[in-house]
>>> print(open('upload35.txt').read())   # compact mmCIF, C-alpha atoms and all ligand atoms
# COMPACT_ATOMS: atom_id res chain seq x y z
CA MET A 1 191.30 -18.62 151.00
CA LEU A 2 190.99 -15.11 152.47
CA GLN A 3 191.31 -12.42 149.83
CA PRO A 4 192.30 -9.71 150.45
CA LEU A 5 193.38 -10.39 153.99
CA MET A 6 193.27 -8.10 157.03
CA THR A 7 193.45 -8.48 160.79
CA VAL A 8 190.81 -7.08 163.12
CA LYS A 9 190.27 -7.22 166.87
CA VAL A 10 187.12 -8.45 168.60
CA THR A 11 186.22 -5.34 170.58
CA ARG A 12 182.88 -6.61 171.87
CA LYS A 13 181.06 -9.91 172.10
CA ASN A 14 177.63 -10.43 173.56
CA ILE A 15 175.05 -13.18 173.60
CA GLU A 16 172.29 -11.44 171.72
CA ALA A 17 169.72 -14.25 171.81
CA GLU A 18 169.62 -17.97 172.53
CA ASP A 19 172.64 -19.54 170.77
CA ILE A 20 173.41 -16.29 168.93
CA ALA A 21 176.63 -14.39 169.63
CA VAL A 22 177.24 -10.94 168.18
CA PHE A 23 180.80 -9.77 167.56
CA GLU A 24 182.04 -6.25 166.95
CA LEU A 25 185.28 -6.16 164.96
CA ALA A 26 187.55 -3.12 164.65
CA ASP A 27 190.90 -2.14 163.21
CA PRO A 28 193.50 -2.83 165.97
CA THR A 29 195.07 0.60 165.35
CA GLY A 30 191.74 2.42 165.55
CA GLY A 31 191.66 3.27 161.84
CA ASP A 32 188.75 3.16 159.44
CA LEU A 33 187.75 -0.19 158.00
CA PRO A 34 187.14 -0.66 154.26
CA PRO A 35 183.61 0.51 153.37
CA PHE A 36 180.81 -1.95 152.72
CA SER A 37 177.35 -1.91 151.23
CA ALA A 38 174.13 -3.49 152.53
CA GLY A 39 174.14 -7.25 151.91
CA SER A 40 177.95 -7.61 152.16
CA HIS A 41 179.70 -10.45 153.94
CA ILE A 42 183.22 -11.11 155.14
CA ASP A 43 185.19 -14.34 155.27
CA VAL A 44 186.42 -15.11 158.78
CA GLU A 45 189.26 -17.50 159.52
CA VAL A 46 187.77 -19.26 162.53
CA ARG A 47 191.01 -21.22 162.92
CA ALA A 48 193.80 -22.22 160.57
CA GLY A 49 192.27 -23.80 157.49
CA LEU A 50 188.65 -23.14 158.49
CA VAL A 51 186.98 -20.17 156.83
CA ARG A 52 183.33 -19.19 157.17
CA GLN A 53 181.24 -16.37 155.71
CA TYR A 54 179.25 -13.97 157.88
CA SER A 55 177.04 -11.10 156.74
CA LEU A 56 177.67 -7.65 158.15
CA CYS A 57 174.66 -6.42 160.07
CA ASN A 58 175.57 -2.92 161.21
CA ASN A 59 174.69 0.31 159.46
CA PRO A 60 176.73 0.43 156.22
CA SER A 61 177.61 4.07 156.84
CA GLU A 62 179.79 3.02 159.81
CA ARG A 63 183.55 2.78 159.16
CA SER A 64 184.79 2.07 162.70
CA ARG A 65 183.42 -1.46 163.08
CA TYR A 66 181.98 -4.55 161.44
CA VAL A 67 179.21 -6.36 163.31
CA ILE A 68 178.43 -10.03 162.67
CA GLY A 69 175.94 -12.39 164.30
CA VAL A 70 176.72 -16.10 164.60
CA LEU A 71 174.20 -18.83 165.36
CA LYS A 72 175.67 -21.86 167.10
CA ASP A 73 174.52 -24.68 164.87
CA PRO A 74 174.25 -28.06 166.62
CA ARG A 75 175.35 -29.68 163.33
CA SER A 76 178.36 -27.36 163.18
CA ARG A 77 181.44 -28.88 161.54
CA GLY A 78 183.60 -26.46 163.55
CA GLY A 79 182.62 -23.06 162.12
CA SER A 80 179.89 -21.68 164.35
CA ALA A 81 181.02 -23.62 167.44
CA GLY A 82 184.55 -22.30 166.94
CA MET A 83 183.28 -18.75 166.57
CA HIS A 84 181.37 -18.99 169.86
CA GLU A 85 184.65 -19.81 171.62
CA ILE A 86 186.28 -16.60 170.38
CA GLY A 87 186.39 -13.86 173.00
CA GLU A 88 186.86 -10.12 173.33
CA GLY A 89 190.38 -8.89 172.70
CA GLN A 90 191.22 -11.71 170.30
CA ASP A 91 192.59 -10.98 166.82
CA LEU A 92 190.82 -12.44 163.80
CA ARG A 93 191.91 -12.70 160.17
CA ILE A 94 189.17 -11.68 157.80
CA SER A 95 188.70 -10.75 154.15
CA GLU A 96 187.53 -7.35 153.02
CA PRO A 97 183.74 -7.17 152.54
CA ARG A 98 182.27 -8.53 149.34
CA ASN A 99 178.69 -8.22 148.18
CA HIS A 100 176.83 -10.93 146.28
CA PHE A 101 173.44 -9.82 147.67
CA GLN A 102 173.11 -6.23 146.57
CA LEU A 103 170.14 -3.95 146.98
CA GLU A 104 168.48 -2.76 143.79
CA HIS A 105 168.45 0.94 144.50
CA SER A 106 166.04 1.75 141.68
CA ALA A 107 163.27 -0.32 143.39
CA GLN A 108 160.06 1.56 144.11
CA ARG A 109 159.20 -0.81 146.93
CA THR A 110 161.24 -3.43 148.77
CA LEU A 111 160.03 -6.45 150.73
CA LEU A 112 162.56 -7.93 153.14
CA PHE A 113 162.16 -11.44 154.60
CA ALA A 114 164.45 -12.73 157.36
CA GLY A 115 164.35 -16.24 158.81
CA GLY A 116 166.32 -16.74 162.05
CA ILE A 117 169.96 -15.71 161.78
CA GLY A 118 169.23 -14.76 158.16
CA VAL A 119 168.29 -11.43 159.71
CA THR A 120 171.90 -10.23 159.53
CA PRO A 121 172.09 -9.02 155.89
CA ILE A 122 168.39 -8.13 155.92
CA LEU A 123 168.83 -5.83 158.93
CA CYS A 124 171.72 -4.09 157.17
CA MET A 125 169.43 -3.57 154.17
CA ALA A 126 166.70 -2.14 156.40
CA GLU A 127 169.22 0.34 157.84
CA ARG A 128 170.21 1.43 154.34
CA LEU A 129 166.67 1.68 152.98
CA SER A 130 165.63 3.66 156.03
CA ALA A 131 168.55 6.08 155.55
CA LEU A 132 167.45 6.54 151.93
CA GLY A 133 163.83 7.16 152.95
CA ALA A 134 162.83 4.24 150.69
CA ASP A 135 159.49 2.44 150.76
CA PHE A 136 160.08 -0.95 152.41
CA GLU A 137 158.63 -3.53 154.76
CA MET A 138 160.53 -6.17 156.73
CA HIS A 139 159.20 -9.50 158.04
CA TYR A 140 161.32 -11.29 160.60
CA CYS A 141 160.44 -14.90 161.45
CA ALA A 142 162.02 -16.71 164.39
CA ARG A 143 161.15 -19.74 166.50
CA SER A 144 160.56 -17.59 169.59
CA ARG A 145 161.29 -14.16 171.07
CA ALA A 146 164.21 -15.74 172.96
CA ARG A 147 165.80 -16.80 169.66
CA CYS A 148 165.20 -13.45 167.95
CA ALA A 149 168.44 -11.48 167.65
CA PHE A 150 168.42 -7.68 167.46
CA HIS A 151 164.83 -7.39 168.72
CA ASP A 152 165.62 -4.42 170.96
CA ARG A 153 167.81 -2.71 168.35
CA ILE A 154 164.99 -2.97 165.79
CA ARG A 155 162.36 -1.80 168.28
CA ALA A 156 164.48 1.28 169.06
CA SER A 157 165.29 2.02 165.40
CA THR A 158 163.77 4.75 163.25
CA PHE A 159 162.21 2.06 161.05
CA ALA A 160 160.62 0.02 163.87
CA GLU A 161 157.09 0.45 162.52
CA LYS A 162 158.12 -1.13 159.20
CA VAL A 163 159.23 -4.38 160.87
CA HIS A 164 156.83 -7.23 161.61
CA PHE A 165 157.91 -10.05 163.92
CA HIS A 166 156.52 -13.58 163.53
CA PHE A 167 157.36 -16.07 166.29
CA ASP A 168 156.49 -19.75 165.80
CA ASP A 169 155.45 -20.13 169.44
CA GLN A 170 152.88 -17.33 169.23
CA GLY A 171 150.39 -19.29 167.18
CA GLN A 172 148.75 -18.93 163.82
CA ALA A 173 147.48 -15.40 164.41
CA HIS A 174 151.08 -14.11 164.26
CA ALA A 175 152.26 -16.36 161.42
CA LEU A 176 153.64 -14.84 158.24
CA ASP A 177 150.93 -14.67 155.58
CA ILE A 178 153.37 -14.75 152.71
CA ASP A 179 150.79 -14.42 149.93
CA ALA A 180 149.20 -11.37 151.55
CA VAL A 181 152.57 -9.68 152.08
CA LEU A 182 153.73 -10.34 148.52
CA GLY A 183 150.44 -9.06 147.13
CA GLU A 184 150.16 -8.53 143.40
CA PRO A 185 153.60 -8.13 141.81
CA CYS A 186 154.44 -4.65 140.53
CA LEU A 187 157.46 -4.20 138.26
CA GLY A 188 159.16 -1.86 140.72
CA THR A 189 158.92 -4.21 143.71
CA HIS A 190 161.98 -6.22 144.75
CA VAL A 191 161.99 -9.08 147.25
CA TYR A 192 164.98 -10.13 149.40
CA VAL A 193 165.12 -13.24 151.55
CA CYS A 194 167.76 -14.82 153.76
CA GLY A 195 167.32 -17.69 156.20
CA PRO A 196 167.18 -21.47 156.35
CA THR A 197 166.80 -23.31 153.05
CA GLY A 198 163.14 -24.23 153.64
CA TYR A 199 162.24 -20.62 154.47
CA ILE A 200 163.98 -19.26 151.38
CA ASP A 201 162.34 -21.89 149.21
CA LEU A 202 158.91 -20.94 150.58
CA VAL A 203 159.43 -17.27 149.72
CA LEU A 204 160.84 -18.11 146.26
CA ARG A 205 157.98 -20.52 145.47
CA SER A 206 155.34 -18.05 146.67
CA ALA A 207 156.87 -15.17 144.72
CA ALA A 208 157.06 -17.27 141.55
CA ALA A 209 153.43 -18.39 141.97
CA LYS A 210 152.39 -14.75 142.34
CA GLY A 211 154.12 -13.90 139.06
CA TYR A 212 157.26 -12.15 140.32
CA ALA A 213 160.06 -12.29 137.74
CA ASP A 214 163.34 -13.98 138.67
CA ARG A 215 165.20 -10.64 138.56
CA GLN A 216 162.84 -9.18 141.20
CA VAL A 217 163.59 -11.86 143.78
CA HIS A 218 166.98 -11.96 145.52
CA ARG A 219 168.12 -14.55 148.02
CA GLU A 220 171.15 -15.52 150.02
CA TYR A 221 171.62 -18.98 151.47
CA PHE A 222 173.94 -19.00 154.46
CA SER A 223 174.70 -22.68 154.27
CA ALA A 224 174.20 -25.39 151.76
CA ASP A 225 172.01 -28.43 152.14
CA PRO A 226 174.62 -31.01 153.19
CA GLU A 227 172.77 -33.88 151.52
CA ALA A 228 172.70 -32.13 148.16
CA MET A 229 176.25 -30.87 148.62
CA PHE A 230 177.96 -34.08 149.48
CA ALA A 231 175.94 -36.48 147.36
CA GLU A 232 178.31 -38.21 145.01
CA GLY A 233 177.88 -37.62 141.29
CA GLY A 234 179.21 -39.49 138.30
CA ALA A 235 182.79 -39.15 137.13
CA PHE A 236 183.51 -36.72 134.30
CA GLN A 237 186.37 -34.76 132.79
CA ILE A 238 187.39 -31.12 132.88
CA LYS A 239 189.33 -29.52 130.05
CA ILE A 240 191.25 -26.29 130.68
CA SER A 241 190.74 -24.18 127.56
CA SER A 242 194.00 -22.20 127.78
CA THR A 243 196.28 -25.23 127.96
CA GLY A 244 194.17 -28.09 126.62
CA GLN A 245 194.93 -30.16 129.75
CA VAL A 246 192.25 -32.70 130.63
CA PHE A 247 191.60 -33.84 134.23
CA ASP A 248 189.54 -36.78 135.45
CA ILE A 249 187.07 -35.79 138.18
CA PRO A 250 186.18 -38.93 140.13
CA ALA A 251 182.72 -39.35 141.67
CA ASP A 252 183.95 -38.54 145.17
CA ALA A 253 186.02 -35.40 144.45
CA THR A 254 185.22 -31.81 143.51
CA VAL A 255 186.60 -29.98 140.51
CA THR A 256 188.39 -27.46 142.72
CA ASP A 257 190.06 -30.22 144.75
CA VAL A 258 191.32 -32.09 141.69
CA LEU A 259 192.59 -28.94 140.01
CA ARG A 260 194.24 -27.66 143.20
CA ASP A 261 196.13 -30.97 143.57
CA ALA A 262 197.32 -30.48 139.98
CA GLY A 263 198.51 -26.95 140.69
CA VAL A 264 195.55 -25.11 139.11
CA ASP A 265 194.17 -22.90 141.87
CA LEU A 266 190.64 -21.57 141.32
CA PRO A 267 189.50 -18.90 143.81
CA THR A 268 187.22 -20.36 146.49
CA SER A 269 185.71 -19.14 149.71
CA CYS A 270 182.71 -21.03 151.10
CA ALA A 271 183.46 -24.29 149.23
CA GLN A 272 179.76 -25.13 149.52
CA GLY A 273 178.07 -23.34 146.65
CA VAL A 274 176.64 -20.35 148.48
CA CYS A 275 179.06 -17.45 147.93
CA GLY A 276 179.71 -17.34 144.17
CA THR A 277 183.47 -16.76 144.55
CA CYS A 278 184.46 -19.74 142.40
CA ILE A 279 182.11 -19.08 139.47
CA THR A 280 183.85 -20.13 136.27
CA ARG A 281 182.78 -19.75 132.65
CA VAL A 282 181.82 -22.94 130.82
CA LEU A 283 182.72 -22.97 127.12
CA ASP A 284 181.41 -26.43 126.25
CA GLY A 285 179.39 -29.15 127.98
CA VAL A 286 176.43 -28.94 130.36
CA PRO A 287 177.02 -28.43 134.09
CA GLU A 288 174.95 -30.13 136.77
CA HIS A 289 174.35 -27.17 139.05
CA ARG A 290 174.49 -27.96 142.77
CA ASP A 291 175.03 -24.45 144.08
CA PHE A 292 172.63 -22.14 145.93
CA TYR A 293 173.94 -19.01 144.30
CA LEU A 294 172.99 -18.80 140.63
CA THR A 295 169.46 -17.77 139.71
CA ASN A 296 167.29 -20.11 137.64
CA GLU A 297 167.84 -17.90 134.59
CA GLU A 298 171.60 -18.07 135.04
CA ARG A 299 171.52 -21.84 135.50
CA GLU A 300 169.48 -22.38 132.36
CA LYS A 301 172.14 -20.66 130.24
CA ASN A 302 174.69 -23.31 131.33
CA ASP A 303 177.56 -20.94 130.53
CA GLN A 304 178.97 -20.80 134.07
CA PHE A 305 179.11 -23.07 137.11
CA THR A 306 180.50 -23.34 140.64
CA PRO A 307 183.38 -25.85 140.54
CA CYS A 308 183.50 -26.11 144.34
CA CYS A 309 180.37 -28.29 144.33
CA SER A 310 178.76 -28.56 140.90
CA ARG A 311 179.37 -31.39 138.49
CA SER A 312 178.67 -32.23 134.84
CA LYS A 313 175.80 -33.78 132.92
CA THR A 314 178.07 -34.33 129.91
CA PRO A 315 181.23 -36.47 129.84
CA MET A 316 183.38 -33.34 129.63
CA LEU A 317 183.17 -29.66 130.57
CA VAL A 318 185.50 -27.17 128.92
CA ILE A 319 186.15 -24.28 131.26
CA ASP A 320 187.51 -20.82 130.57
CA VAL A 321 190.67 -21.04 132.65
S1 LIG A 401 183.46 -21.19 146.71
FE1 LIG A 401 181.57 -20.33 147.29
S2 LIG A 401 180.26 -20.94 145.65
FE2 LIG A 401 182.12 -21.99 145.22
>>> encode(input="upload35.txt", output="structure tokens", more="lines below")
Ligand code: FES
Amino acid sequence: MLQPLMTVKVTRKNIEAEDIAVFELADPTGGDLPPFSAGSHIDVEVRAGLVRQYSLCNNPSERSRYVIGVLKDPRSRGGSAGMHEIGEGQDLRISEPRNHFQLEHSAQRTLLFAGGIGVTPILCMAERLSALGADFEMHYCARSRARCAFHDRIRASTFAEKVHFHFDDQGQAHALDIDAVLGEPCLGTHVYVCGPTGYIDLVLRSAAAKGYADRQVHREYFSADPEAMFAEGGAFQIKISSTGQVFDIPADATVTDVLRDAGVDLPTSCAQGVCGTCITRVLDGVPEHRDFYLTNEEREKNDQFTPCCSRSKTPMLVIDV
């Protein structure tokens, strides 16, 4: 579901690195686009019924274009492969930008970690922090130089000396020494990471071991772990607090699917637990969290969950709908 909806034109497409296409999107009438902040993403309707999220990676002060980078995933279920078939001049339906990965502007120091195509929101953050004259450092890990998008743009940027590249094929001497980069945690330091699940988990684990608090560490998963996502759970029931209606959620269906079939439409976007659009308050019962969006602290409170993928540990969940 694209909300709110707008149409843009692909004004430029180029192959930025191996398997990575970069698209520039503009208002077809030449007008300004809605503003966005560093870390924002848009929903893109790749084709009818298929919506994917892509982070904006241009400078957030720009109003004439949105820039997105898309990695062609060999396991693609249609999203990234479909995007790579889109060409210049084509119209695309997108949502306005939303931001679930915001910069903490009061930070005294910011550490940015990008893994592969996870560079897109991180690069946008680097642009913003540089414009603010903030103290930051960016580490960009990729399998090789050939698979490293935006290398030349970063090298030519005003913040080039703050960016450290780590390519897997360059050997141990160039590997990311995560513990050394994290250093000793100071209260004013904030950490941001985006990339493959294993990369994010490494940064999160290392930061936690160093003593960083949950609120200092921010992450954005760009796709869910399919095994965790599609694993069946037990059946349970959902009760809608406003009407008292009770719905059976079978082991092989999601809450959002069952409710949609019954005419109760919850807002969704990614449908895979990474964007936070569907977050719903839980009034009673204990959710089984399967998302990649909530922080550990938020999960432990058990007062909200993502009905697009999460389930229930108790026979019934009462939700605030
Ligand atoms: S729709 Fe994205 S987390 Fe549920």
>>> residues_around(input="upload35.txt", residues="Gly78 of chain A", least_positions_apart="5", cutoff="9 Å", atoms="all atoms listed in the file", output="VMD selection string")
chain A and resid 46 50 83
>>> residues_around(input="upload35.txt", residues="segment 91-108 of chain A", least_positions_apart="3", cutoff="8 Å", atoms="only C-alpha atoms", output="PDB file with C-alpha atoms, in the frame of the given file")
ATOM      1  CA  LEU A   2     190.990 -15.110 152.470  1.00  0.00           C
ATOM      2  CA  GLN A   3     191.310 -12.420 149.830  1.00  0.00           C
ATOM      3  CA  PRO A   4     192.300  -9.710 150.450  1.00  0.00           C
ATOM      4  CA  LEU A   5     193.380 -10.390 153.990  1.00  0.00           C
ATOM      5  CA  MET A   6     193.270  -8.100 157.030  1.00  0.00           C
ATOM      6  CA  THR A   7     193.450  -8.480 160.790  1.00  0.00           C
ATOM      7  CA  VAL A   8     190.810  -7.080 163.120  1.00  0.00           C
ATOM      8  CA  LYS A   9     190.270  -7.220 166.870  1.00  0.00           C
ATOM      9  CA  VAL A  10     187.120  -8.450 168.600  1.00  0.00           C
ATOM     10  CA  PRO A  34     187.140  -0.660 154.260  1.00  0.00           C
ATOM     11  CA  PRO A  35     183.610   0.510 153.370  1.00  0.00           C
ATOM     12  CA  PHE A  36     180.810  -1.950 152.720  1.00  0.00           C
ATOM     13  CA  SER A  37     177.350  -1.910 151.230  1.00  0.00           C
ATOM     14  CA  ALA A  38     174.130  -3.490 152.530  1.00  0.00           C
ATOM     15  CA  GLY A  39     174.140  -7.250 151.910  1.00  0.00           C
ATOM     16  CA  SER A  40     177.950  -7.610 152.160  1.00  0.00           C
ATOM     17  CA  HIS A  41     179.700 -10.450 153.940  1.00  0.00           C
ATOM     18  CA  ILE A  42     183.220 -11.110 155.140  1.00  0.00           C
ATOM     19  CA  ASP A  43     185.190 -14.340 155.270  1.00  0.00           C
ATOM     20  CA  VAL A  44     186.420 -15.110 158.780  1.00  0.00           C
ATOM     21  CA  GLU A  45     189.260 -17.500 159.520  1.00  0.00           C
ATOM     22  CA  VAL A  46     187.770 -19.260 162.530  1.00  0.00           C
ATOM     23  CA  MET A 125     169.430  -3.570 154.170  1.00  0.00           C
ATOM     24  CA  ALA A 134     162.830   4.240 150.690  1.00  0.00           C
ATOM     25  CA  ASP A 135     159.490   2.440 150.760  1.00  0.00           C
ATOM     26  CA  GLY A 188     159.160  -1.860 140.720  1.00  0.00           C
ATOM     27  CA  THR A 189     158.920  -4.210 143.710  1.00  0.00           C
ATOM     28  CA  HIS A 190     161.980  -6.220 144.750  1.00  0.00           C
ATOM     29  CA  HIS A 218     166.980 -11.960 145.520  1.00  0.00           C
ATOM     30  CA  ARG A 219     168.120 -14.550 148.020  1.00  0.00           C
ATOM     31  CA  GLU A 220     171.150 -15.520 150.020  1.00  0.00           C
ATOM     32  CA  CYS A 275     179.060 -17.450 147.930  1.00  0.00           C
ATOM     33  CA  GLY A 276     179.710 -17.340 144.170  1.00  0.00           C
TER      34      GLY A 276
END
>>> residues_near_ligand(input="upload35.txt", ligand="ligand LIG 401 (chain A)", cutoff="10 Å", atoms="all atoms listed in the file", output="PDB file with C-alpha atoms, in the coordinates of the input")
ATOM      1  CA  MET A   1     191.300 -18.620 151.000  1.00  0.00           C
ATOM      2  CA  GLN A  53     181.240 -16.370 155.710  1.00  0.00           C
ATOM      3  CA  ALA A 224     174.200 -25.390 151.760  1.00  0.00           C
ATOM      4  CA  THR A 256     188.390 -27.460 142.720  1.00  0.00           C
ATOM      5  CA  LEU A 266     190.640 -21.570 141.320  1.00  0.00           C
ATOM      6  CA  PRO A 267     189.500 -18.900 143.810  1.00  0.00           C
ATOM      7  CA  THR A 268     187.220 -20.360 146.490  1.00  0.00           C
ATOM      8  CA  SER A 269     185.710 -19.140 149.710  1.00  0.00           C
ATOM      9  CA  CYS A 270     182.710 -21.030 151.100  1.00  0.00           C
ATOM     10  CA  ALA A 271     183.460 -24.290 149.230  1.00  0.00           C
ATOM     11  CA  GLN A 272     179.760 -25.130 149.520  1.00  0.00           C
ATOM     12  CA  GLY A 273     178.070 -23.340 146.650  1.00  0.00           C
ATOM     13  CA  VAL A 274     176.640 -20.350 148.480  1.00  0.00           C
ATOM     14  CA  CYS A 275     179.060 -17.450 147.930  1.00  0.00           C
ATOM     15  CA  GLY A 276     179.710 -17.340 144.170  1.00  0.00           C
ATOM     16  CA  THR A 277     183.470 -16.760 144.550  1.00  0.00           C
ATOM     17  CA  CYS A 278     184.460 -19.740 142.400  1.00  0.00           C
ATOM     18  CA  ILE A 279     182.110 -19.080 139.470  1.00  0.00           C
ATOM     19  CA  THR A 280     183.850 -20.130 136.270  1.00  0.00           C
ATOM     20  CA  ARG A 290     174.490 -27.960 142.770  1.00  0.00           C
ATOM     21  CA  ASP A 291     175.030 -24.450 144.080  1.00  0.00           C
ATOM     22  CA  PHE A 292     172.630 -22.140 145.930  1.00  0.00           C
ATOM     23  CA  TYR A 293     173.940 -19.010 144.300  1.00  0.00           C
ATOM     24  CA  LEU A 294     172.990 -18.800 140.630  1.00  0.00           C
ATOM     25  CA  PHE A 305     179.110 -23.070 137.110  1.00  0.00           C
ATOM     26  CA  THR A 306     180.500 -23.340 140.640  1.00  0.00           C
ATOM     27  CA  PRO A 307     183.380 -25.850 140.540  1.00  0.00           C
ATOM     28  CA  CYS A 308     183.500 -26.110 144.340  1.00  0.00           C
ATOM     29  CA  CYS A 309     180.370 -28.290 144.330  1.00  0.00           C
ATOM     30  CA  SER A 310     178.760 -28.560 140.900  1.00  0.00           C
TER      31      SER A 310
END
>>> closest_residue(input="upload35.txt", among="A:Ile238, A:Cys186, A:Ala126, A:Ala180", to="Asp284 of chain A", atoms="all atoms listed in the file")
A:Ile238
>>> residues_near_point(input="upload35.txt", point="(197.0, -30.2, 137.8)", cutoff="12 Å", atoms="only C-alpha atoms", output="MDAnalysis selection string")
chainID A and resid 238:240 243:249 255:266
>>> write_last_selection(input="upload35.txt", atoms="C-alpha atoms", output="compact mmCIF listing (two decimals), in the frame of the given file")
# COMPACT_ATOMS: atom_id res chain seq x y z
CA ILE A 238 187.39 -31.12 132.88
CA LYS A 239 189.33 -29.52 130.05
CA ILE A 240 191.25 -26.29 130.68
CA THR A 243 196.28 -25.23 127.96
CA GLY A 244 194.17 -28.09 126.62
CA GLN A 245 194.93 -30.16 129.75
CA VAL A 246 192.25 -32.70 130.63
CA PHE A 247 191.60 -33.84 134.23
CA ASP A 248 189.54 -36.78 135.45
CA ILE A 249 187.07 -35.79 138.18
CA VAL A 255 186.60 -29.98 140.51
CA THR A 256 188.39 -27.46 142.72
CA ASP A 257 190.06 -30.22 144.75
CA VAL A 258 191.32 -32.09 141.69
CA LEU A 259 192.59 -28.94 140.01
CA ARG A 260 194.24 -27.66 143.20
CA ASP A 261 196.13 -30.97 143.57
CA ALA A 262 197.32 -30.48 139.98
CA GLY A 263 198.51 -26.95 140.69
CA VAL A 264 195.55 -25.11 139.11
CA ASP A 265 194.17 -22.90 141.87
CA LEU A 266 190.64 -21.57 141.32
>>> residues_near_point(input="upload35.txt", point="(160.7, 2.4, 159.7)", cutoff="10 Å", atoms="all atoms listed in the file", output="ChimeraX atom specification")
/A:126-127,129-131,133-138,154-155,157-163
>>> residues_around(input="upload35.txt", residues="His166 of chain A", least_positions_apart="3", cutoff="9 Å", atoms="all atoms listed in the file", output="PyMOL selection string")
chain A and resi 139-145+169-170+174-176
